[in-house]
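Novice: Dropping in model12.txt, with compact mmCIF, C-alpha atoms.
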# COMPACT_ATOMS: atom_id res chain seq x y z
CA MET D 1 0.00 0.00 0.00
CA GLU D 2 1.02 3.60 -0.49
CA THR D 3 2.11 5.73 2.41
CA VAL D 4 -0.01 8.80 3.07
CA GLY D 5 1.28 11.90 4.81
CA ILE D 6 -1.08 14.35 6.48
CA LEU D 7 0.28 17.88 6.90
CA GLY D 8 -1.19 19.46 10.01
CA GLY D 9 -2.54 16.03 10.82
CA THR D 10 -2.89 16.45 14.57
CA GLY D 11 -6.16 18.43 14.37
CA PRO D 12 -9.59 16.78 14.32
CA ALA D 13 -9.84 16.84 10.51
CA GLY D 14 -6.49 15.16 10.01
CA ARG D 15 -7.05 12.59 12.75
CA GLY D 16 -10.37 11.50 11.23
CA VAL D 17 -8.84 10.94 7.81
CA ALA D 18 -5.85 9.17 9.38
CA ILE D 19 -7.82 6.59 11.32
CA ARG D 20 -9.99 5.72 8.34
CA LEU D 21 -7.01 5.46 5.99
CA ALA D 22 -5.14 3.24 8.43
CA THR D 23 -8.22 1.10 8.96
CA CYS D 24 -8.26 0.27 5.25
CA GLY D 25 -4.58 -0.60 5.28
CA TYR D 26 -2.57 2.54 4.61
CA ASP D 27 0.48 3.55 6.60
CA VAL D 28 -0.18 7.11 7.62
CA VAL D 29 2.34 9.69 8.76
CA LEU D 30 0.70 12.44 10.82
CA GLY D 31 2.74 15.56 10.26
CA SER D 32 2.99 18.53 12.58
CA ARG D 33 5.30 21.45 13.21
CA ASP D 34 5.96 19.63 16.47
CA ALA D 35 6.95 16.00 15.90
CA ASP D 36 6.58 15.13 19.57
CA ARG D 37 2.99 16.34 19.61
CA ALA D 38 2.33 14.38 16.43
CA SER D 39 3.72 11.22 18.05
CA GLU D 40 1.52 11.77 21.10
CA THR D 41 -1.53 12.28 18.89
CA ALA D 42 -0.72 9.22 16.80
CA LYS D 43 -0.56 7.07 19.94
CA GLY D 44 -4.17 7.99 20.66
CA ILE D 45 -5.37 6.76 17.28
CA THR D 46 -6.30 3.08 17.10
CA PRO D 47 -7.16 1.92 13.61
CA ARG D 48 -8.74 -1.50 13.14
CA GLY D 49 -7.06 -2.58 9.94
CA SER D 50 -3.57 -3.53 8.89
CA GLY D 51 -2.40 0.05 8.47
CA SER D 52 -0.62 2.26 10.94
CA VAL D 53 -0.49 5.85 12.14
CA ARG D 54 2.70 7.46 13.40
CA GLY D 55 3.66 11.03 14.12
CA ALA D 56 6.46 13.01 12.50
CA THR D 57 7.36 16.46 11.25
CA ASN D 58 5.46 17.94 8.33
CA GLU D 59 8.70 17.60 6.36
CA GLU D 60 8.72 13.86 6.88
CA ALA D 61 5.00 13.52 6.19
CA ALA D 62 5.60 15.31 2.90
CA THR D 63 7.92 12.54 1.74
CA CYS D 64 5.02 10.07 1.59
CA GLU D 65 3.70 8.98 -1.80
CA LEU D 66 0.38 10.78 -1.32
CA VAL D 67 -0.03 13.87 0.84
CA VAL D 68 -3.11 15.44 2.43
CA VAL D 69 -3.14 19.08 3.55
CA ALA D 70 -5.14 19.35 6.79
CA THR D 71 -3.62 22.46 8.36
CA PRO D 72 -5.71 25.42 9.49
CA TRP D 73 -6.50 27.50 6.40
CA ASP D 74 -4.35 30.40 7.46
CA SER D 75 -1.18 28.34 7.62
CA ALA D 76 -1.80 26.07 4.61
CA VAL D 77 0.05 28.12 2.00
CA ALA D 78 3.05 28.76 4.23
CA THR D 79 3.23 25.07 5.14
CA VAL D 80 3.10 23.72 1.58
CA SER D 81 5.35 26.45 0.15
CA ALA D 82 8.16 25.31 2.42
CA LEU D 83 7.66 21.74 1.16
CA ARG D 84 7.48 22.44 -2.57
CA ALA D 85 10.45 20.21 -3.38
CA GLN D 86 9.15 17.25 -1.34
CA LEU D 87 5.69 17.59 -2.87
CA ALA D 88 6.84 17.91 -6.50
CA ASN D 89 5.41 15.36 -8.94
CA LYS D 90 2.90 14.14 -6.37
CA THR D 91 -0.82 14.27 -5.90
CA VAL D 92 -1.63 16.60 -3.02
CA ILE D 93 -5.13 16.45 -1.52
CA SER D 94 -6.45 19.69 -0.04
CA MET D 95 -9.15 19.37 2.60
CA VAL D 96 -8.67 22.98 3.64
CA ASN D 97 -11.61 25.38 4.07
CA ALA D 98 -11.27 29.09 4.76
CA LEU D 99 -13.93 29.83 7.36
CA SER D 100 -14.58 32.52 9.93
CA ARG D 101 -16.77 32.37 13.01
CA GLU D 102 -19.60 34.94 13.20
CA GLY D 103 -21.71 34.40 16.29
CA ARG D 104 -23.50 31.06 15.99
CA GLU D 105 -22.38 30.58 12.40
CA LEU D 106 -19.32 29.77 10.39
CA VAL D 107 -19.17 31.82 7.22
CA PRO D 108 -16.96 31.19 4.20
CA LEU D 109 -14.01 33.34 3.28
CA TYR D 110 -13.09 33.59 -0.39
CA PRO D 111 -9.33 33.45 -0.97
CA ALA D 112 -7.93 35.72 -3.66
CA ARG D 113 -7.64 32.87 -6.19
CA GLY D 114 -11.17 31.69 -5.41
CA SER D 115 -10.43 28.73 -3.17
CA MET D 116 -7.84 27.34 -0.82
CA ALA D 117 -7.18 24.56 -3.36
CA ALA D 118 -6.28 27.23 -5.91
CA GLN D 119 -4.04 29.02 -3.41
CA ILE D 120 -2.28 25.71 -2.71
CA ALA D 121 -2.05 24.88 -6.42
CA PHE D 122 -0.35 28.22 -7.04
CA ALA D 123 2.10 27.54 -4.22
CA LEU D 124 2.82 24.04 -5.60
CA PRO D 125 3.24 24.40 -9.37
CA ASP D 126 5.00 21.03 -9.61
CA SER D 127 2.22 19.08 -7.83
CA THR D 128 -1.23 17.90 -8.85
CA ILE D 129 -3.94 19.26 -6.55
CA VAL D 130 -7.14 17.38 -5.70
CA GLY D 131 -9.82 18.60 -3.30
CA ALA D 132 -11.62 16.14 -1.01
CA PHE D 133 -12.85 15.53 2.57
CA HIS D 134 -14.35 19.02 3.06
CA HIS D 135 -17.83 18.38 4.44
CA LEU D 136 -17.11 15.63 6.96
CA PRO D 137 -18.00 15.92 10.64
CA ALA D 138 -14.68 15.51 12.45
CA ALA D 139 -15.99 13.77 15.57
CA GLN D 140 -17.84 11.16 13.52
CA MET D 141 -14.82 10.64 11.28
CA GLU D 142 -12.67 9.84 14.30
CA ASP D 143 -15.19 7.40 15.76
CA LEU D 144 -15.25 4.23 13.67
CA ASP D 145 -18.50 3.21 15.40
CA SER D 146 -20.36 6.43 14.51
CA GLY D 147 -22.21 4.84 11.61
CA LEU D 148 -20.92 7.53 9.27
CA ASP D 149 -22.07 7.01 5.66
CA ALA D 150 -21.01 10.22 3.92
CA ASP D 151 -20.32 11.26 0.37
CA VAL D 152 -16.98 12.90 -0.32
CA VAL D 153 -17.15 15.44 -3.13
CA ILE D 154 -13.91 15.42 -5.15
CA PHE D 155 -12.53 17.97 -7.61
CA SER D 156 -9.37 18.45 -9.63
CA ASP D 157 -8.28 19.63 -13.04
CA ASN D 158 -6.46 16.30 -13.47
CA ASP D 159 -8.77 13.44 -14.33
CA GLY D 160 -6.30 10.71 -13.38
CA ALA D 161 -5.68 12.27 -9.98
CA ARG D 162 -9.41 12.67 -9.35
CA LYS D 163 -9.94 8.99 -10.12
CA ARG D 164 -7.05 7.96 -7.92
CA VAL D 165 -8.41 9.91 -4.97
CA ASN D 166 -11.91 8.61 -5.66
CA GLU D 167 -10.58 5.04 -5.44
CA LEU D 168 -8.78 5.89 -2.22
CA VAL D 169 -11.94 7.38 -0.68
CA ASN D 170 -14.01 4.37 -1.69
CA GLN D 171 -11.67 2.11 0.27
CA MET D 172 -12.20 4.13 3.45
CA PRO D 173 -14.94 2.86 5.76
CA GLY D 174 -18.05 5.08 5.85
CA LEU D 175 -17.10 7.18 2.84
CA THR D 176 -18.14 7.18 -0.81
CA GLY D 177 -16.35 9.29 -3.39
CA VAL D 178 -18.27 11.46 -5.85
CA VAL D 179 -16.21 13.19 -8.52
CA ALA D 180 -17.79 16.61 -9.06
CA GLY D 181 -15.44 18.03 -11.67
CA SER D 182 -12.75 20.65 -12.08
CA MET D 183 -11.13 23.29 -9.90
CA SER D 184 -13.91 25.63 -11.06
CA LEU D 185 -15.97 23.88 -8.39
CA ALA D 186 -13.40 24.26 -5.62
CA SER D 187 -14.87 27.47 -4.30
CA PRO D 188 -18.48 26.29 -3.85
CA ILE D 189 -17.38 22.93 -2.45
CA GLU D 190 -15.04 24.50 0.11
CA ALA D 191 -17.51 27.26 1.02
CA PHE D 192 -20.39 24.83 1.54
CA THR D 193 -18.48 23.51 4.55
CA ALA D 194 -19.57 26.68 6.34
CA VAL D 195 -23.18 25.72 5.67
CA CYS D 196 -22.69 22.17 6.95
CA ILE D 197 -21.04 23.34 10.17
CA SER D 198 -23.56 26.13 10.72
CA ILE D 199 -26.41 23.66 10.34
CA ASN D 200 -24.74 21.37 12.86
CA ILE D 201 -24.27 24.19 15.36
CA ARG D 202 -27.86 25.39 14.95
CA HIS D 203 -29.43 21.95 15.07
CA LYS D 204 -26.99 20.48 17.61
CA ALA D 205 -26.32 17.68 15.14
CA HIS D 206 -23.48 15.93 13.36
CA SER D 207 -25.02 15.87 9.94
CA TYR D 208 -23.17 15.32 6.69
CA VAL D 209 -23.85 15.46 2.98
CA LYS D 210 -25.35 12.57 1.07
CA LEU D 211 -26.18 12.95 -2.59
CA ALA D 212 -29.33 10.88 -2.74
CA GLY D 213 -30.18 9.34 -6.07
CA LEU D 214 -26.61 8.67 -7.22
CA SER D 215 -26.00 5.07 -8.19
CA HIS D 216 -22.52 4.33 -6.98
CA MET Q 217 -54.40 29.01 2.69
CA GLU Q 218 -52.12 31.76 1.51
CA THR Q 219 -51.71 32.50 -2.15
CA VAL Q 220 -48.20 32.10 -3.53
CA GLY Q 221 -46.93 33.94 -6.58
CA ILE Q 222 -43.95 32.66 -8.54
CA LEU Q 223 -42.12 35.28 -10.61
CA GLY Q 224 -40.67 33.70 -13.72
CA GLY Q 225 -42.69 30.65 -12.81
CA THR Q 226 -42.92 29.09 -16.26
CA GLY Q 227 -39.40 27.62 -16.20
CA PRO Q 228 -38.61 24.16 -14.80
CA ALA Q 229 -37.62 25.50 -11.37
CA GLY Q 230 -40.83 27.47 -10.93
CA ARG Q 231 -43.05 24.69 -12.25
CA GLY Q 232 -41.60 22.19 -9.80
CA VAL Q 233 -42.25 24.43 -6.82
CA ALA Q 234 -45.72 25.28 -8.13
CA ILE Q 235 -46.95 21.70 -8.45
CA ARG Q 236 -45.71 20.77 -4.97
CA LEU Q 237 -47.21 23.88 -3.39
CA ALA Q 238 -50.56 23.28 -5.07
CA THR Q 239 -50.48 19.63 -4.05
CA CYS Q 240 -50.33 20.65 -0.41
CA GLY Q 241 -53.22 23.08 -0.83
CA TYR Q 242 -51.84 26.44 -1.90
CA ASP Q 243 -53.30 28.51 -4.70
CA VAL Q 244 -50.35 29.35 -6.90
CA VAL Q 245 -50.08 32.13 -9.46
CA LEU Q 246 -47.40 31.39 -12.05
CA GLY Q 247 -46.09 34.73 -13.19
CA SER Q 248 -44.42 35.46 -16.50
CA ARG Q 249 -43.66 38.45 -18.70
CA ASP Q 250 -46.15 36.78 -21.04
CA ALA Q 251 -49.43 35.97 -19.27
CA ASP Q 252 -50.63 33.79 -22.17
CA ARG Q 253 -47.57 31.62 -21.93
CA ALA Q 254 -48.03 31.39 -18.17
CA SER Q 255 -51.64 30.26 -18.65
CA GLU Q 256 -50.54 27.62 -21.15
CA THR Q 257 -47.86 26.38 -18.75
CA ALA Q 258 -50.29 26.32 -15.83
CA LYS Q 259 -52.70 24.15 -17.83
CA GLY Q 260 -49.97 21.52 -18.12
CA ILE Q 261 -49.51 21.31 -14.33
CA THR Q 262 -51.77 18.84 -12.54
CA PRO Q 263 -51.43 19.00 -8.78
CA ARG Q 264 -53.05 16.29 -6.67
CA GLY Q 265 -54.24 18.32 -3.72
CA SER Q 266 -56.83 20.97 -3.13
CA GLY Q 267 -54.66 23.80 -4.41
CA SER Q 268 -54.53 25.31 -7.86
CA VAL Q 269 -52.08 26.70 -10.39
CA ARG Q 270 -52.99 29.47 -12.80
CA GLY Q 271 -50.95 31.69 -15.06
CA ALA Q 272 -50.75 35.48 -14.95
CA THR Q 273 -48.34 38.37 -15.39
CA ASN Q 274 -45.46 38.78 -12.98
CA GLU Q 275 -47.25 41.91 -11.75
CA GLU Q 276 -50.28 39.86 -10.73
CA ALA Q 277 -48.17 37.08 -9.21
CA ALA Q 278 -46.46 39.75 -7.10
CA THR Q 279 -49.76 40.63 -5.45
CA CYS Q 280 -49.91 37.22 -3.73
CA GLU Q 281 -49.27 36.98 0.00
CA LEU Q 282 -46.00 35.11 -0.45
CA VAL Q 283 -43.80 35.48 -3.54
CA VAL Q 284 -41.07 33.23 -4.95
CA VAL Q 285 -38.46 34.55 -7.39
CA ALA Q 286 -37.73 31.86 -9.98
CA THR Q 287 -36.55 33.93 -12.92
CA PRO Q 288 -33.23 33.34 -14.67
CA TRP Q 289 -30.53 34.96 -12.58
CA ASP Q 290 -29.76 37.65 -15.11
CA SER Q 291 -33.29 39.00 -15.10
CA ALA Q 292 -34.06 38.60 -11.38
CA VAL Q 293 -33.04 42.08 -10.22
CA ALA Q 294 -34.80 43.85 -13.10
CA THR Q 295 -37.95 41.81 -12.48
CA VAL Q 296 -38.18 42.45 -8.75
CA SER Q 297 -37.11 46.10 -8.98
CA ALA Q 298 -40.14 46.83 -11.15
CA LEU Q 299 -42.36 45.18 -8.51
CA ARG Q 300 -40.94 46.85 -5.42
CA ALA Q 301 -44.27 48.38 -4.41
CA GLN Q 302 -46.21 45.12 -4.79
CA LEU Q 303 -43.54 43.21 -2.86
CA ALA Q 304 -43.25 45.69 0.02
CA ASN Q 305 -43.88 44.27 3.51
CA LYS Q 306 -43.85 40.71 2.21
CA THR Q 307 -41.62 37.71 2.50
CA VAL Q 308 -39.92 37.08 -0.83
CA ILE Q 309 -38.26 33.71 -1.40
CA SER Q 310 -35.26 33.70 -3.73
CA MET Q 311 -34.45 30.41 -5.41
CA VAL Q 312 -32.14 32.14 -7.88
CA ASN Q 313 -28.63 30.87 -8.60
CA ALA Q 314 -26.10 32.68 -10.76
CA LEU Q 315 -24.46 29.96 -12.83
CA SER Q 316 -22.52 29.75 -16.06
CA ARG Q 317 -21.96 26.77 -18.31
CA GLU Q 318 -18.33 25.76 -18.91
CA GLY Q 319 -18.12 22.64 -21.04
CA ARG Q 320 -19.58 19.74 -19.09
CA GLU Q 321 -19.88 21.78 -15.91
CA LEU Q 322 -21.91 24.54 -14.41
CA VAL Q 323 -19.78 26.93 -12.42
CA PRO Q 324 -20.96 29.52 -9.92
CA LEU Q 325 -20.85 33.23 -10.56
CA TYR Q 326 -20.45 35.52 -7.56
CA PRO Q 327 -22.70 38.58 -7.76
CA ALA Q 328 -21.22 41.85 -6.53
CA ARG Q 329 -23.07 41.69 -3.21
CA GLY Q 330 -22.04 38.06 -2.70
CA SER Q 331 -25.24 36.29 -3.68
CA MET Q 332 -28.35 36.69 -5.77
CA ALA Q 333 -30.37 36.84 -2.56
CA ALA Q 334 -28.31 39.85 -1.49
CA GLN Q 335 -28.79 41.49 -4.90
CA ILE Q 336 -32.54 40.95 -4.58
CA ALA Q 337 -32.56 42.19 -0.98
CA PHE Q 338 -30.87 45.39 -2.09
CA ALA Q 339 -33.44 45.85 -4.85
CA LEU Q 340 -36.30 45.23 -2.38
CA PRO Q 341 -35.49 47.22 0.77
CA ASP Q 342 -39.11 47.02 1.95
CA SER Q 343 -39.32 43.21 1.71
CA THR Q 344 -37.95 40.33 3.79
CA ILE Q 345 -35.77 37.99 1.75
CA VAL Q 346 -35.48 34.25 2.39
CA GLY Q 347 -33.43 31.83 0.30
CA ALA Q 348 -34.73 28.31 -0.41
CA PHE Q 349 -35.21 25.65 -3.11
CA HIS Q 350 -31.71 26.00 -4.62
CA HIS Q 351 -30.42 22.44 -4.91
CA LEU Q 352 -33.49 20.66 -6.20
CA PRO Q 353 -33.49 18.66 -9.44
CA ALA Q 354 -36.18 20.32 -11.58
CA ALA Q 355 -37.38 17.22 -13.41
CA GLN Q 356 -37.88 15.31 -10.17
CA MET Q 357 -39.63 18.27 -8.57
CA GLU Q 358 -42.16 18.36 -11.41
CA ASP Q 359 -42.83 14.62 -11.23
CA LEU Q 360 -44.82 13.84 -8.08
CA ASP Q 361 -44.02 10.15 -8.58
CA SER Q 362 -40.25 10.64 -8.65
CA GLY Q 363 -39.76 9.56 -5.06
CA LEU Q 364 -37.97 12.81 -4.29
CA ASP Q 365 -36.94 13.09 -0.63
CA ALA Q 366 -34.74 16.17 -0.55
CA ASP Q 367 -33.60 18.62 2.08
CA VAL Q 368 -34.19 22.30 1.36
CA VAL Q 369 -31.53 24.53 2.91
CA ILE Q 370 -33.07 27.83 4.06
CA PHE Q 371 -31.40 31.13 4.98
CA SER Q 372 -32.51 34.61 5.94
CA ASP Q 373 -31.55 37.39 8.30
CA ASN Q 374 -35.13 37.33 9.63
CA ASP Q 375 -35.79 34.47 12.01
CA GLY Q 376 -39.58 34.66 11.72
CA ALA Q 377 -39.44 34.56 7.95
CA ARG Q 378 -37.04 31.62 8.01
CA LYS Q 379 -39.41 29.70 10.25
CA ARG Q 380 -42.40 30.55 8.09
CA VAL Q 381 -40.66 29.30 4.95
CA ASN Q 382 -39.44 26.22 6.80
CA GLU Q 383 -43.04 25.40 7.74
CA LEU Q 384 -44.12 25.96 4.15
CA VAL Q 385 -41.40 23.64 2.83
CA ASN Q 386 -42.27 20.94 5.35
CA GLN Q 387 -45.83 20.87 4.02
CA MET Q 388 -44.63 20.20 0.48
CA PRO Q 389 -44.42 16.53 -0.52
CA GLY Q 390 -40.89 15.18 -0.85
CA LEU Q 391 -39.20 18.15 0.82
CA THR Q 392 -37.81 18.78 4.30
CA GLY Q 393 -36.73 22.22 5.40
CA VAL Q 394 -33.39 22.78 7.13
CA VAL Q 395 -32.74 26.28 8.44
CA ALA Q 396 -29.02 26.95 7.88
CA GLY Q 397 -28.78 30.50 9.18
CA SER Q 398 -28.28 34.04 7.95
CA MET Q 399 -27.65 35.74 4.63
CA SER Q 400 -23.94 35.20 5.31
CA LEU Q 401 -24.62 31.67 4.04
CA ALA Q 402 -26.43 32.76 0.88
CA SER Q 403 -23.33 32.68 -1.27
CA PRO Q 404 -22.18 29.12 -0.47
CA ILE Q 405 -25.73 27.77 -0.62
CA GLU Q 406 -26.45 29.32 -4.00
CA ALA Q 407 -23.02 28.42 -5.40
CA PHE Q 408 -23.29 24.79 -4.32
CA THR Q 409 -26.08 24.42 -6.87
CA ALA Q 410 -23.33 24.43 -9.51
CA VAL Q 411 -21.78 21.42 -7.80
CA CYS Q 412 -25.09 19.54 -7.65
CA ILE Q 413 -25.84 20.13 -11.33
CA SER Q 414 -22.27 19.33 -12.40
CA ILE Q 415 -22.41 16.05 -10.49
CA ASN Q 416 -25.70 15.22 -12.18
CA ILE Q 417 -24.32 15.99 -15.65
CA ARG Q 418 -21.15 13.96 -15.02
CA HIS Q 419 -22.91 11.00 -13.43
CA LYS Q 420 -26.04 11.17 -15.64
CA ALA Q 421 -28.10 11.29 -12.46
CA HIS Q 422 -30.79 13.34 -10.75
CA SER Q 423 -29.20 13.46 -7.34
CA TYR Q 424 -30.06 15.90 -4.59
CA VAL Q 425 -28.78 16.93 -1.21
CA LYS Q 426 -29.72 15.09 1.97
CA LEU Q 427 -28.19 16.09 5.25
CA ALA Q 428 -27.88 12.69 6.84
CA GLY Q 429 -27.89 12.58 10.60
CA LEU Q 430 -30.30 15.47 11.18
CA SER Q 431 -33.27 14.54 13.30
CA HIS Q 432 -36.20 16.39 11.79
Mind converting the file's structure to structure tokens?
Specialist:
Amino acid sequence: METVGILGGTGPAGRGVAIRLATCGYDVVLGSRDADRASETAKGITPRGSGSVRGATNEEAATCELVVVATPWDSAVATVSALRAQLANKTVISMVNALSREGRELVPLYPARGSMAAQIAFALPDSTIVGAFHHLPAAQMEDLDSGLDADVVIFSDNDGARKRVNELVNQMPGLTGVVAGSMSLASPIEAFTAVCISINIRHKAHSYVKLAGLSH
Amino acid sequence: METVGILGGTGPAGRGVAIRLATCGYDVVLGSRDADRASETAKGITPRGSGSVRGATNEEAATCELVVVATPWDSAVATVSALRAQLANKTVISMVNALSREGRELVPLYPARGSMAAQIAFALPDSTIVGAFHHLPAAQMEDLDSGLDADVVIFSDNDGARKRVNELVNQMPGLTGVVAGSMSLASPIEAFTAVCISINIRHKAHSYVKLAGLSH
């Protein structure tokens, strides 16, 4: 199996992806600015499959064959820019959303290039960017017994990379990939995360997106 | 029951809302620039409940107690601006999305005020704007036997108006209202329509959004 590195992987978003990747057999490297914290976090993650999760620096996570960006939005570009060489000629998955809290709601921010995926793509001209994992409830992702059955909306300008990520997602328990299309859809897909989280705050729920009526 | 007017109601989006409103008992006035065309369209709509659908001018539709804007996005502001007096002191539901076709995809356009609902709100300072009905597949909305079971994401800055529209939606067969929050969420909700339609084009499907895990 491929190794998967998760930049900024110690937060709830990264941990949820890590446990589900490891449960379907991948060896995951949780990256952090602080390798000790990443190792501590990794010890708390218990996948059920043959894969593994270990902590490391972001630099080491970036040497994996496939890399996921799970940092806070306001450090994503700085993090990947410093790792341009390690990430060259790889598929890099952005799960980053630019959001701001306003009272009871999260509202979307629109980065200058339209989306965080586009900001990351500009910072990584030698990598292939795919967007995925945006709308998932973190607590349910981390809990393998949560009964999660969510659709993961995927976008990229590279058809091969989209398909590769779609296959990856479909191996992960509780997730089904849905290729939406190109980077032209990055902005609405990222921004809709604000709607999902705001609904969950308002309704005290852990809801997630299903696209009913798709035959998978 | 209240009367509901639908501005630009002869298109697929307006027809789908009309038949489901009439089926749950509302008297619907389908508005159009061309009242004859609206009457012809209304004759082709056969609701199953006690309500009715008839065609009229947009001016007449705007005299109803509740009004839905279902025009193409590029005529929405001109249409409502001309009806400002008729729409004053009413709740006006925008189901308008600004979208552009790019090859196999629909991509979102971002109006200057962030959303079409905000453009309409600016044009109608004496009305209360609510957004709803954005992500629905038109063909399935029109077909009462389609088995549609979709969530309708609702937003407004006015809590009473949001609740009123939510109650309206919950009466309509096949639809469940979900209040998302304020107009700060208008942009991502409208723009996500491009993702829904692009997925349906790509996957040759009539999918729609369900927020799994919400207890209604």
Novice: Could you tell me which residues of chain D sit within 10 Å of chain Q when counting only C-alpha atoms, and give me the result as a VMD selection string?
Specialist: chain D and resid 102 104 to 109 147 to 150 153 155 178 to 216
Novice: Would you list the residues near (-52.6, 31.2, -9.8), meaning any protein, DNA or RNA residue with an atom at most 8 Å from that point in file coordinates, counting only C-alpha atoms, as a compact mmCIF listing (two decimals) with C-alpha atoms, in the frame of the given file?
Specialist:
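What ended up in selection_35.txt:
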# COMPACT_ATOMS: atom_id res chain seq x y z
CA THR Q 219 -51.71 32.50 -2.15
CA VAL Q 220 -48.20 32.10 -3.53
CA GLY Q 221 -46.93 33.94 -6.58
CA ASP Q 243 -53.30 28.51 -4.70
CA VAL Q 244 -50.35 29.35 -6.90
CA VAL Q 245 -50.08 32.13 -9.46
CA LEU Q 246 -47.40 31.39 -12.05
CA SER Q 268 -54.53 25.31 -7.86
CA VAL Q 269 -52.08 26.70 -10.39
CA ARG Q 270 -52.99 29.47 -12.80
CA GLY Q 271 -50.95 31.69 -15.06
CA ALA Q 272 -50.75 35.48 -14.95
CA ALA Q 277 -48.17 37.08 -9.21
Novice: Would you pick out the contacts of Glu281 of chain Q at 12 Å or less, using only C-alpha atoms, so that residues sharing its chain but fewer than 5 positions from it are not included, and give the list as a ChimeraX atom specification?
Specialist: /Q:217-222,242-245,276,302-309,343
Novice: Which residue is closest to Thr63 of chain D? Choose from D:Arg20, D:Arg164, D:Leu7, D:Ala98 and count all atoms listed in the file.
Specialist: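 Nearest to Thr63 of chain D: D:Leu7.
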Novice: Pick out the residues sitting within 7 Å of Ile19 of chain D, and hand them over as a PDB file with C-alpha atoms, in the coordinates of the input; count only C-alpha atoms, and ignore anything fewer than 2 positions along from it in its own chain.
Specialist:
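This is the output file around.pdb:
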ATOM      1  CA  ARG D  15      -7.050  12.590  12.750  1.00  0.00           C
ATOM      2  CA  GLY D  16     -10.370  11.500  11.230  1.00  0.00           C
ATOM      3  CA  VAL D  17      -8.840  10.940   7.810  1.00  0.00           C
ATOM      4  CA  LEU D  21      -7.010   5.460   5.990  1.00  0.00           C
ATOM      5  CA  ALA D  22      -5.140   3.240   8.430  1.00  0.00           C
ATOM      6  CA  THR D  23      -8.220   1.100   8.960  1.00  0.00           C
ATOM      7  CA  ILE D  45      -5.370   6.760  17.280  1.00  0.00           C
ATOM      8  CA  THR D  46      -6.300   3.080  17.100  1.00  0.00           C
ATOM      9  CA  PRO D  47      -7.160   1.920  13.610  1.00  0.00           C
ATOM     10  CA  GLU D 142     -12.670   9.840  14.300  1.00  0.00           C
TER      11      GLU D 142
END
Novice: Rank D:Leu168, D:Ser81, D:Asp126, D:Ala13 by their smallest atom-to-atom distance to Ala139 of chain D, using only C-alpha atoms, and report the top residue only.
Specialist: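 That would be D:Ala13, the residue with the smallest distance to Ala139 of chain D.
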Novice: Nearest to Met388 of chain Q: which of Q:Glu256, Q:Asp375, Q:Ser291, Q:Cys240 is it, counting only C-alpha atoms?
Specialist: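 Counting only C-alpha atoms, the residue closest to Met388 of chain Q is Q:Cys240.
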Novice: Rank Q:Arg378, Q:Ser362, Q:Asp250, Q:Leu299 by their smallest atom-to-atom distance to Pro341 of chain Q, using only C-alpha atoms, and report the top residue only.
Specialist: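 Result for the nearest residue to Pro341 of chain Q: Q:Leu299.
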Novice: Distance atom CA of Gly230 of chain Q-atom CA of Ala339 of chain Q, one decimal place?
Specialist: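 So the two atoms, atom CA of Gly230 of chain Q and atom CA of Ala339 of chain Q, lie 20.7 Å apart.
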